[in-house]
Amino acid sequence: MAMQENDNLGKLSYPILEGINSTRDLRALPQEQLPQLCRELRSYLLDELSENPGHLGSSLGAVELNVALHYVFTTPYDRLVWDVGHQAYVHKILTGRKQDFATLRKWGGIAGFPAPNESPYDTFPAGHASNSISGALGKAVAIAKRGERRNVVAIIGDGSMTGGLAFEGLNNASSFPNNLLIVLNDNNMSIDNNVGGLNNYFVDLNTSRTYNIVRYDLYRLFRKFNVMGEESRKAILRFNNSLKSALTKCDNSFFQGLSIRYFGPIDGNDVLRLVTILRKIKHMDGPKILHIRTKKGKGYPPAEQNPTIWHAPGKFNVLTGKRISADTSGKPPKFQDVFGTTLVEFAKSDKRIVGVTPAMPTGCSMSMLFDAMPSQAYDVGIAESHAVTFSAGLASEGFIPFCNIYSSFAQRSFDQIIHDLCLGNYHVVLCLDRAGLVGEDGATHQGAFDLAYLRIIPNLVVAAPINEHYLRNLMLTAYKGQQAPMAIRYPRGSGSLVDWHNTPEVIPIGKGRLLSKGSSGIAVLSLGAIGTEVSEAIEILKQDGAPTPSHYDMIYLKPLDNELIQQIASQYNTIITVEDGTIVGGFGSAVLEQLAEYGYKGVVKRLGIPDKFIPHGSVSKQKEYCGLTATQIAHTINELTNKQ
């Protein structure tokens, strides 16, 4: 089946790849073998990721880039700094982790993103977008300060260039002596006429050794006779970039304004061309940017034709291109789909309601609103801080934004939540998807910290639904129950109710509820969907004939139901708090603070995510690691019951 350029898909042998166990092996290859190696790598990715899911589309598109970088640069002596890391699977394969690649994203296996604690080739943390330029610039300035000739390369995708941090790094790049190379991997456009004829000629001219020696000698001569200062040099650089822009019909005015030398665009899926250009520019002094264009999903037609779905498609059949999905009939829906459906319901009846997302319409199911009412939906790109302030601006003019951000990414907008949203007390609904433990994406994506950092902000209501009904109730409460900012956090994946489509109702702000009355002197207070584990734990205790605790669903972290807590404190001599968030400063800490105010003399046990970065793996493995499975919670309850 002709799904790849070499017409060879399925389980294959990899004669060149099998001989590569380090980048030294790669650099020993004759250059003419690199295209075949790229074909083998592309097929290897398909074979592996079809059975062990990961980020496929970006990896397929960046095969040649990974090979060329490690072929030209002496890694890990030379530093590669990846942005996010979706492009870096081949990087892992080429840097001694090929034998472990089948463990990708599994508990105890290799991470899905570059991780410095995993390999010296992973030189800087990756997982959140737009940090590569700043991190690499810091490395490049440090290396220049030590007087070393060590190359530093930041590899950033075009999507990550919408993040504010990327622009801050670019703005600072020419401020200090450095030899930074930024590779901008643009996979949002096809290779057009700019990559050919005149453009190739101009790239070759500007990267040629002769041209750059003459250029540098003239600069030194002008400096010697005081004809040119630093400002004059930058002005000439801007003129040079403007001339390139005019001749190649490629607008690089942004980079020229920052005094960064620009090269490209070139075909990033032509490995031999990439090697040639990288060799020419690797030793040029000063910051520079190489603009390459790649095809997301390159070499696999289904991924090329639908890059959004094939970004991370799950399991699939390589030969047929059919994705293998689990049967979800008769099972609870994903929280994100409940959010998307409910948002559309509200937006249809009120034109003031709008949706805002930082580049995650499909991931958070706001795509439903984009499909149903596109005029009421805004995708602002990878720009979480902007998403919050933009939402506050909309609210200041009478709209009601539902701003949906993954919990771990919302950390990037902390100042904006304080200063731009809550200080003005604007009616914005922050919906934090992927809260708590998220599974295979691992430490960089765990939504562990939102409860702790949100509870300290004045004017902000913070809530977490135990199930789908309460997600809908809280969304309606945030919409109609008040005129102030409110954050609703909920986990990745499915809820617990098959019959989930209730008629939502406004519920009292800051009021919890009793879920089940127990037979012991213990009360368990839970917040959010982790409460279903508590309910299961109580069922385990019942089946064992053990005394059971009373279970309270607190619903709100802020304002906390202090009246209910005082009542609980007067009735129970042991209190357990359970949360799917950091144990430091979160829900349990809030309850403990309140109990201290009441002078509570009983036992308090807090369960939650420990003060660690939790590794990648399945959510069930992560819960077990944190002591948050139903069985473990039942064991904790039993131990405390026996101590009474």
# chains A, B, ... in the order shown; residues from 1 in each chain; ligands from 1
>>> residues_around(residues="Leu65 in chain A", least_positions_apart="6", cutoff="12 Å", atoms="only C-alpha atoms", output="VMD selection string")
chain A and resid 34 to 35 38 41 58 to 59 71 to 73 80 82 87 to 91 153 155 to 157 183 to 187 266 to 275 277 to 278 290 to 295
>>> write_last_selection(atoms="C-alpha atoms", output="PDB file, in the first residue's frame")
ATOM      1  CA  LEU A  34      20.755  10.157   4.992  1.00  0.00           C
ATOM      2  CA  PRO A  35      17.627  10.114   2.766  1.00  0.00           C
ATOM      3  CA  CYS A  38      14.961   9.268   7.033  1.00  0.00           C
ATOM      4  CA  LEU A  41      12.929   6.475  10.680  1.00  0.00           C
ATOM      5  CA  SER A  58       4.793  16.558  14.246  1.00  0.00           C
ATOM      6  CA  SER A  59       7.305  13.717  14.550  1.00  0.00           C
ATOM      7  CA  TYR A  71      24.558  15.062  11.686  1.00  0.00           C
ATOM      8  CA  VAL A  72      25.913  18.617  11.505  1.00  0.00           C
ATOM      9  CA  PHE A  73      26.251  19.476  15.183  1.00  0.00           C
ATOM     10  CA  LEU A  80      19.877  21.461  21.091  1.00  0.00           C
ATOM     11  CA  TRP A  82      13.551  21.806  21.793  1.00  0.00           C
ATOM     12  CA  GLN A  87       9.074  17.187  17.162  1.00  0.00           C
ATOM     13  CA  ALA A  88      11.727  15.385  19.173  1.00  0.00           C
ATOM     14  CA  TYR A  89      10.843  11.673  18.938  1.00  0.00           C
ATOM     15  CA  VAL A  90      13.531  11.042  16.322  1.00  0.00           C
ATOM     16  CA  HIS A  91      15.913  13.005  18.544  1.00  0.00           C
ATOM     17  CA  VAL A 153      20.296  25.688  18.584  1.00  0.00           C
ATOM     18  CA  ILE A 155      14.110  24.485  17.562  1.00  0.00           C
ATOM     19  CA  ILE A 156      10.673  26.059  17.690  1.00  0.00           C
ATOM     20  CA  GLY A 157       7.496  25.303  15.763  1.00  0.00           C
ATOM     21  CA  VAL A 183      15.354  27.012  13.673  1.00  0.00           C
ATOM     22  CA  LEU A 184      11.757  27.995  12.975  1.00  0.00           C
ATOM     23  CA  ASN A 185       9.929  24.876  11.843  1.00  0.00           C
ATOM     24  CA  ASP A 186       6.952  26.171   9.898  1.00  0.00           C
ATOM     25  CA  ASN A 187       4.624  23.249   9.205  1.00  0.00           C
ATOM     26  CA  ILE A 266      14.030  26.317   2.765  1.00  0.00           C
ATOM     27  CA  ASP A 267      12.507  22.870   2.364  1.00  0.00           C
ATOM     28  CA  GLY A 268      12.804  21.247   5.786  1.00  0.00           C
ATOM     29  CA  ASN A 269      11.956  17.823   4.372  1.00  0.00           C
ATOM     30  CA  ASP A 270      15.062  17.820   2.147  1.00  0.00           C
ATOM     31  CA  VAL A 271      17.704  16.401   4.462  1.00  0.00           C
ATOM     32  CA  LEU A 272      20.655  17.010   2.134  1.00  0.00           C
ATOM     33  CA  ARG A 273      19.675  20.641   1.625  1.00  0.00           C
ATOM     34  CA  LEU A 274      19.299  21.082   5.375  1.00  0.00           C
ATOM     35  CA  VAL A 275      22.744  19.611   6.014  1.00  0.00           C
ATOM     36  CA  ILE A 277      22.720  25.098   4.904  1.00  0.00           C
ATOM     37  CA  LEU A 278      23.340  24.160   8.543  1.00  0.00           C
ATOM     38  CA  LEU A 290      16.766  29.590   9.820  1.00  0.00           C
ATOM     39  CA  HIS A 291      13.208  29.364   8.543  1.00  0.00           C
ATOM     40  CA  ILE A 292      12.301  25.894   7.284  1.00  0.00           C
ATOM     41  CA  ARG A 293       9.012  24.602   5.947  1.00  0.00           C
ATOM     42  CA  THR A 294       7.920  21.066   6.650  1.00  0.00           C
ATOM     43  CA  LYS A 295       4.834  18.968   6.064  1.00  0.00           C
TER      44      LYS A 295
END
>>> select_by_dssp(residues="range 492-552 of chain A", states="strand (DSSP E or B)", output="list in words")
Ser494, Arg513, Leu514, Leu515, Ser516, Ile522, Ala523, Val524, Leu525, Ser526, Leu527, Ser550, His551 and Tyr552 of chain A
>>> write_last_selection(atoms="N, CA and C atoms", output="compact mmCIF listing (two decimals), in the first residue's frame")
# COMPACT_ATOMS: atom_id res chain seq x y z
N SER A 494 -12.97 10.61 31.14
CA SER A 494 -14.39 10.41 31.36
C SER A 494 -14.79 10.66 32.80
N ARG A 513 -22.04 19.67 50.47
CA ARG A 513 -23.20 18.80 50.70
C ARG A 513 -22.73 17.47 51.27
N LEU A 514 -23.62 16.83 52.01
CA LEU A 514 -23.38 15.49 52.53
C LEU A 514 -23.77 14.47 51.47
N LEU A 515 -22.81 13.62 51.09
CA LEU A 515 -23.10 12.58 50.10
C LEU A 515 -23.58 11.29 50.77
N SER A 516 -22.96 10.91 51.85
CA SER A 516 -23.37 9.67 52.54
C SER A 516 -23.02 9.77 54.01
N ILE A 522 -15.41 9.21 61.66
CA ILE A 522 -14.55 9.81 60.63
C ILE A 522 -15.40 10.51 59.58
N ALA A 523 -14.97 11.68 59.15
CA ALA A 523 -15.59 12.39 58.03
C ALA A 523 -14.54 12.56 56.94
N VAL A 524 -14.92 12.25 55.72
CA VAL A 524 -14.04 12.46 54.57
C VAL A 524 -14.60 13.63 53.77
N LEU A 525 -13.76 14.64 53.55
CA LEU A 525 -14.13 15.81 52.76
C LEU A 525 -13.37 15.73 51.44
N SER A 526 -14.08 15.68 50.34
CA SER A 526 -13.42 15.61 49.03
C SER A 526 -13.82 16.81 48.19
N LEU A 527 -12.98 17.11 47.22
CA LEU A 527 -13.24 18.21 46.30
C LEU A 527 -13.03 17.71 44.87
N SER A 550 -18.47 9.25 57.06
CA SER A 550 -19.39 10.14 56.34
C SER A 550 -18.59 10.82 55.23
N HIS A 551 -19.26 11.07 54.11
CA HIS A 551 -18.57 11.64 52.95
C HIS A 551 -19.24 12.95 52.55
N TYR A 552 -18.44 13.99 52.51
CA TYR A 552 -18.93 15.32 52.12
C TYR A 552 -18.26 15.76 50.82
>>> residues_around(residues="range 533-538 of chain A", least_positions_apart="3", cutoff="12 Å", atoms="only C-alpha atoms", output="PyMOL selection string")
chain A and resi 466-467+495-496+514-520+522-530+541-553+576-580+607+620+623-624+627-638
>>> write_last_selection(atoms="N, CA and C atoms", output="short mmCIF file (atom, residue, chain, number, x, y, z; two decimals), in the first residue's frame")
data_model
loop_
_atom_site.label_atom_id
_atom_site.label_comp_id
_atom_site.auth_asym_id
_atom_site.auth_seq_id
_atom_site.Cartn_x
_atom_site.Cartn_y
_atom_site.Cartn_z
N ILE A 466 -17.87 17.02 41.03
CA ILE A 466 -17.60 15.60 41.27
C ILE A 466 -17.98 14.76 40.06
N ASN A 467 -18.92 15.24 39.25
CA ASN A 467 -19.38 14.47 38.09
C ASN A 467 -19.93 15.41 37.02
N GLY A 495 -16.08 10.96 32.96
CA GLY A 495 -16.65 11.13 34.28
C GLY A 495 -17.18 9.82 34.81
N SER A 496 -18.33 9.88 35.51
CA SER A 496 -18.85 8.68 36.15
C SER A 496 -20.32 8.42 35.84
N LEU A 514 -23.62 16.83 52.01
CA LEU A 514 -23.38 15.49 52.53
C LEU A 514 -23.77 14.47 51.47
N LEU A 515 -22.81 13.62 51.09
CA LEU A 515 -23.10 12.58 50.10
C LEU A 515 -23.58 11.29 50.77
N SER A 516 -22.96 10.91 51.85
CA SER A 516 -23.37 9.67 52.54
C SER A 516 -23.02 9.77 54.01
N LYS A 517 -23.95 9.28 54.86
CA LYS A 517 -23.74 9.29 56.30
C LYS A 517 -23.07 7.99 56.72
N GLY A 518 -22.01 8.10 57.52
CA GLY A 518 -21.26 6.91 57.90
C GLY A 518 -21.60 6.38 59.26
N SER A 519 -20.86 5.35 59.66
CA SER A 519 -21.10 4.67 60.93
C SER A 519 -19.93 4.82 61.90
N SER A 520 -18.91 5.58 61.49
CA SER A 520 -17.73 5.76 62.34
C SER A 520 -17.60 7.22 62.73
N ILE A 522 -15.41 9.21 61.66
CA ILE A 522 -14.55 9.81 60.63
C ILE A 522 -15.40 10.51 59.58
N ALA A 523 -14.97 11.68 59.15
CA ALA A 523 -15.59 12.39 58.03
C ALA A 523 -14.54 12.56 56.94
N VAL A 524 -14.92 12.25 55.72
CA VAL A 524 -14.04 12.46 54.57
C VAL A 524 -14.60 13.63 53.77
N LEU A 525 -13.76 14.64 53.55
CA LEU A 525 -14.13 15.81 52.76
C LEU A 525 -13.37 15.73 51.44
N SER A 526 -14.08 15.68 50.34
CA SER A 526 -13.42 15.61 49.03
C SER A 526 -13.82 16.81 48.19
N LEU A 527 -12.98 17.11 47.22
CA LEU A 527 -13.24 18.21 46.30
C LEU A 527 -13.03 17.71 44.87
N GLY A 528 -14.07 17.78 44.07
CA GLY A 528 -13.94 17.42 42.66
C GLY A 528 -14.14 15.95 42.38
N ALA A 529 -13.71 15.54 41.17
CA ALA A 529 -13.99 14.20 40.67
C ALA A 529 -13.30 13.10 41.45
N ILE A 530 -12.27 13.44 42.23
CA ILE A 530 -11.61 12.44 43.06
C ILE A 530 -12.59 11.89 44.10
N LEU A 541 -15.29 -0.71 51.89
CA LEU A 541 -15.41 -0.89 53.34
C LEU A 541 -16.72 -1.58 53.70
N LYS A 542 -17.79 -1.20 53.04
CA LYS A 542 -19.09 -1.83 53.30
C LYS A 542 -19.04 -3.32 52.99
N GLN A 543 -18.42 -3.65 51.84
CA GLN A 543 -18.33 -5.06 51.45
C GLN A 543 -17.49 -5.87 52.44
N ASP A 544 -16.54 -5.21 53.08
CA ASP A 544 -15.69 -5.88 54.06
C ASP A 544 -16.32 -5.88 55.46
N GLY A 545 -17.47 -5.23 55.57
CA GLY A 545 -18.13 -5.17 56.87
C GLY A 545 -17.46 -4.21 57.84
N ALA A 546 -16.65 -3.31 57.33
CA ALA A 546 -15.92 -2.36 58.19
C ALA A 546 -16.77 -1.11 58.40
N PRO A 547 -16.51 -0.37 59.50
CA PRO A 547 -17.20 0.91 59.71
C PRO A 547 -16.90 1.86 58.57
N THR A 548 -17.86 2.69 58.22
CA THR A 548 -17.69 3.61 57.09
C THR A 548 -17.72 5.05 57.58
N PRO A 549 -17.00 5.92 56.89
CA PRO A 549 -17.01 7.34 57.25
C PRO A 549 -18.19 8.06 56.59
N SER A 550 -18.47 9.25 57.06
CA SER A 550 -19.39 10.14 56.34
C SER A 550 -18.59 10.82 55.23
N HIS A 551 -19.26 11.07 54.11
CA HIS A 551 -18.57 11.64 52.95
C HIS A 551 -19.24 12.95 52.55
N TYR A 552 -18.44 13.99 52.51
CA TYR A 552 -18.93 15.32 52.12
C TYR A 552 -18.26 15.76 50.82
N ASP A 553 -19.07 16.19 49.87
CA ASP A 553 -18.57 16.80 48.64
C ASP A 553 -18.60 18.31 48.86
N ILE A 576 -10.58 13.49 57.19
CA ILE A 576 -9.68 13.21 56.06
C ILE A 576 -10.08 14.12 54.91
N THR A 577 -9.11 14.79 54.31
CA THR A 577 -9.37 15.58 53.09
C THR A 577 -8.75 14.86 51.91
N VAL A 578 -9.46 14.86 50.80
CA VAL A 578 -8.97 14.19 49.58
C VAL A 578 -9.09 15.14 48.41
N GLU A 579 -7.99 15.32 47.68
CA GLU A 579 -7.99 16.22 46.52
C GLU A 579 -7.07 15.67 45.44
N ASP A 580 -7.39 16.00 44.21
CA ASP A 580 -6.55 15.65 43.06
C ASP A 580 -5.71 16.87 42.71
N LEU A 607 -4.94 13.80 52.03
CA LEU A 607 -4.54 12.98 50.90
C LEU A 607 -4.56 13.84 49.64
N SER A 620 -4.09 5.66 36.31
CA SER A 620 -4.24 4.69 37.40
C SER A 620 -2.92 4.46 38.12
N LYS A 623 -2.25 7.62 40.20
CA LYS A 623 -3.07 7.64 41.42
C LYS A 623 -2.50 6.69 42.48
N GLU A 624 -2.06 5.53 42.01
CA GLU A 624 -1.46 4.57 42.94
C GLU A 624 -0.20 5.14 43.59
N GLY A 627 -1.22 7.47 46.26
CA GLY A 627 -2.07 6.95 47.31
C GLY A 627 -3.52 7.36 47.17
N LEU A 628 -3.99 7.55 45.94
CA LEU A 628 -5.33 8.09 45.70
C LEU A 628 -6.28 7.12 45.02
N THR A 629 -5.95 5.83 44.96
CA THR A 629 -6.91 4.87 44.42
C THR A 629 -7.96 4.56 45.49
N ALA A 630 -9.10 4.03 45.05
CA ALA A 630 -10.16 3.70 46.01
C ALA A 630 -9.67 2.71 47.06
N THR A 631 -8.88 1.72 46.63
CA THR A 631 -8.36 0.72 47.56
C THR A 631 -7.45 1.35 48.60
N GLN A 632 -6.59 2.26 48.15
CA GLN A 632 -5.66 2.92 49.08
C GLN A 632 -6.40 3.85 50.03
N ILE A 633 -7.40 4.56 49.53
CA ILE A 633 -8.18 5.44 50.40
C ILE A 633 -8.92 4.62 51.45
N ALA A 634 -9.48 3.48 51.03
CA ALA A 634 -10.16 2.58 51.98
C ALA A 634 -9.19 2.10 53.06
N HIS A 635 -7.97 1.79 52.65
CA HIS A 635 -6.95 1.33 53.61
C HIS A 635 -6.63 2.43 54.62
N THR A 636 -6.48 3.66 54.13
CA THR A 636 -6.20 4.79 55.02
C THR A 636 -7.33 5.00 56.02
N ILE A 637 -8.57 4.94 55.52
CA ILE A 637 -9.74 5.09 56.40
C ILE A 637 -9.75 4.00 57.46
N ASN A 638 -9.47 2.78 57.03
CA ASN A 638 -9.48 1.64 57.95
C ASN A 638 -8.43 1.81 59.04
#
>>> residues_around(residues="Pro302 in chain A", least_positions_apart="3", cutoff="10 Å", atoms="only C-alpha atoms", output="number ranges by chain")
A: 3, 57, 297-299, 305-307, 309-310, 318, 320-322
>>> residues_around(residues="range 468-485 of chain A", least_positions_apart="4", cutoff="6 Å", atoms="only C-alpha atoms", output="list in words")
Asn425, Tyr426, His427, Val428, Val429, Leu460, Trp500, Pro504, Glu505 and Val506 of chain A
>>> atom_distance(atom1="CA of Cys626 in chain A", atom2="CA of Gly493 in chain A")
18.4 Å
>>> closest_residue(among="A:Gly439, A:Gly109, A:Gly363, A:Pro559", to="Ser618 in chain A", atoms="only C-alpha atoms")
A:Gly439
>>> residues_around(residues="range 334-337 of chain A", least_positions_apart="2", cutoff="10 Å", atoms="only C-alpha atoms", output="MDAnalysis selection string")
chainID A and resid 328 331:332 339:343 362:368 404 431:434 465 467:468 471:472 490:496
>>> write_last_selection(atoms="C-alpha atoms", output="JSON list (two decimals), in the first residue's frame")
[["chain", "number", "residue", "atom", "x", "y", "z"],
["A", 328, "THR", "CA", -17.45, 4.15, 24.35],
["A", 331, "LYS", "CA", -19.99, 4.63, 28.98],
["A", 332, "PRO", "CA", -19.72, 8.07, 30.61],
["A", 339, "PHE", "CA", -18.25, 21.20, 28.73],
["A", 340, "GLY", "CA", -18.46, 21.66, 24.93],
["A", 341, "THR", "CA", -22.08, 20.52, 24.71],
["A", 342, "THR", "CA", -23.16, 22.69, 27.64],
["A", 343, "LEU", "CA", -21.36, 25.75, 26.30],
["A", 362, "THR", "CA", -10.37, 20.26, 19.82],
["A", 363, "GLY", "CA", -8.59, 19.26, 23.02],
["A", 364, "CYS", "CA", -11.12, 21.09, 25.21],
["A", 365, "SER", "CA", -14.11, 20.43, 22.87],
["A", 366, "MET", "CA", -14.72, 24.12, 22.27],
["A", 367, "SER", "CA", -14.63, 22.96, 18.64],
["A", 368, "MET", "CA", -18.34, 22.27, 19.17],
["A", 404, "ASN", "CA", -10.93, 27.24, 28.58],
["A", 431, "CYS", "CA", -12.69, 26.43, 32.74],
["A", 432, "LEU", "CA", -9.53, 24.53, 33.63],
["A", 433, "ASP", "CA", -9.45, 21.25, 31.73],
["A", 434, "ARG", "CA", -6.90, 18.49, 32.49],
["A", 465, "PRO", "CA", -17.45, 19.18, 40.06],
["A", 467, "ASN", "CA", -19.38, 14.47, 38.09],
["A", 468, "GLU", "CA", -20.96, 15.59, 34.83],
["A", 471, "LEU", "CA", -20.02, 20.41, 35.86],
["A", 472, "ARG", "CA", -23.19, 21.55, 34.11],
["A", 490, "TYR", "CA", -12.16, 19.24, 36.08],
["A", 491, "PRO", "CA", -10.02, 16.27, 35.06],
["A", 492, "ARG", "CA", -8.97, 14.75, 31.80],
["A", 493, "GLY", "CA", -11.00, 11.81, 30.54],
["A", 494, "SER", "CA", -14.39, 10.41, 31.36],
["A", 495, "GLY", "CA", -16.65, 11.13, 34.28],
["A", 496, "SER", "CA", -18.85, 8.68, 36.15]]
>>> residues_around(residues="range 282-288 of chain A", least_positions_apart="6", cutoff="10 Å", atoms="only C-alpha atoms", output="MDAnalysis selection string")
chainID A and resid 72:73 137 140 149:153 170 173:183 207 209 212:213 216 255 258:263
>>> atom_distance(atom1="CA of Phe390 in chain A", atom2="CA of Val356 in chain A")
8.5 Å
>>> decode(residues="range 563-588 of chain A", atoms="C-alpha atoms", output="PDB file, in the first residue's frame")
ATOM      1  CA  GLU A 563     -20.277  26.678  58.413  1.00  0.00           C
ATOM      2  CA  LEU A 564     -20.292  23.060  57.239  1.00  0.00           C
ATOM      3  CA  ILE A 565     -16.677  22.562  58.349  1.00  0.00           C
ATOM      4  CA  GLN A 566     -17.494  23.882  61.811  1.00  0.00           C
ATOM      5  CA  GLN A 567     -20.424  21.471  61.986  1.00  0.00           C
ATOM      6  CA  ILE A 568     -18.199  18.561  60.900  1.00  0.00           C
ATOM      7  CA  ALA A 569     -15.541  19.551  63.441  1.00  0.00           C
ATOM      8  CA  SER A 570     -18.111  19.368  66.233  1.00  0.00           C
ATOM      9  CA  GLN A 571     -19.303  15.876  65.227  1.00  0.00           C
ATOM     10  CA  TYR A 572     -16.185  13.935  64.191  1.00  0.00           C
ATOM     11  CA  ASN A 573     -12.882  13.246  65.914  1.00  0.00           C
ATOM     12  CA  THR A 574     -11.062  12.400  62.663  1.00  0.00           C
ATOM     13  CA  ILE A 575     -11.206  14.309  59.378  1.00  0.00           C
ATOM     14  CA  ILE A 576      -9.682  13.206  56.064  1.00  0.00           C
ATOM     15  CA  THR A 577      -9.372  15.576  53.092  1.00  0.00           C
ATOM     16  CA  VAL A 578      -8.969  14.189  49.584  1.00  0.00           C
ATOM     17  CA  GLU A 579      -7.991  16.220  46.525  1.00  0.00           C
ATOM     18  CA  ASP A 580      -6.554  15.648  43.064  1.00  0.00           C
ATOM     19  CA  GLY A 581      -4.095  18.493  43.554  1.00  0.00           C
ATOM     20  CA  THR A 582      -0.887  19.302  45.374  1.00  0.00           C
ATOM     21  CA  ILE A 583      -0.930  18.590  49.083  1.00  0.00           C
ATOM     22  CA  VAL A 584       0.971  21.850  49.628  1.00  0.00           C
ATOM     23  CA  GLY A 585      -1.365  24.814  49.966  1.00  0.00           C
ATOM     24  CA  GLY A 586      -4.423  23.279  48.325  1.00  0.00           C
ATOM     25  CA  PHE A 587      -7.833  22.099  49.524  1.00  0.00           C
ATOM     26  CA  GLY A 588      -6.544  20.156  52.528  1.00  0.00           C
TER      27      GLY A 588
END
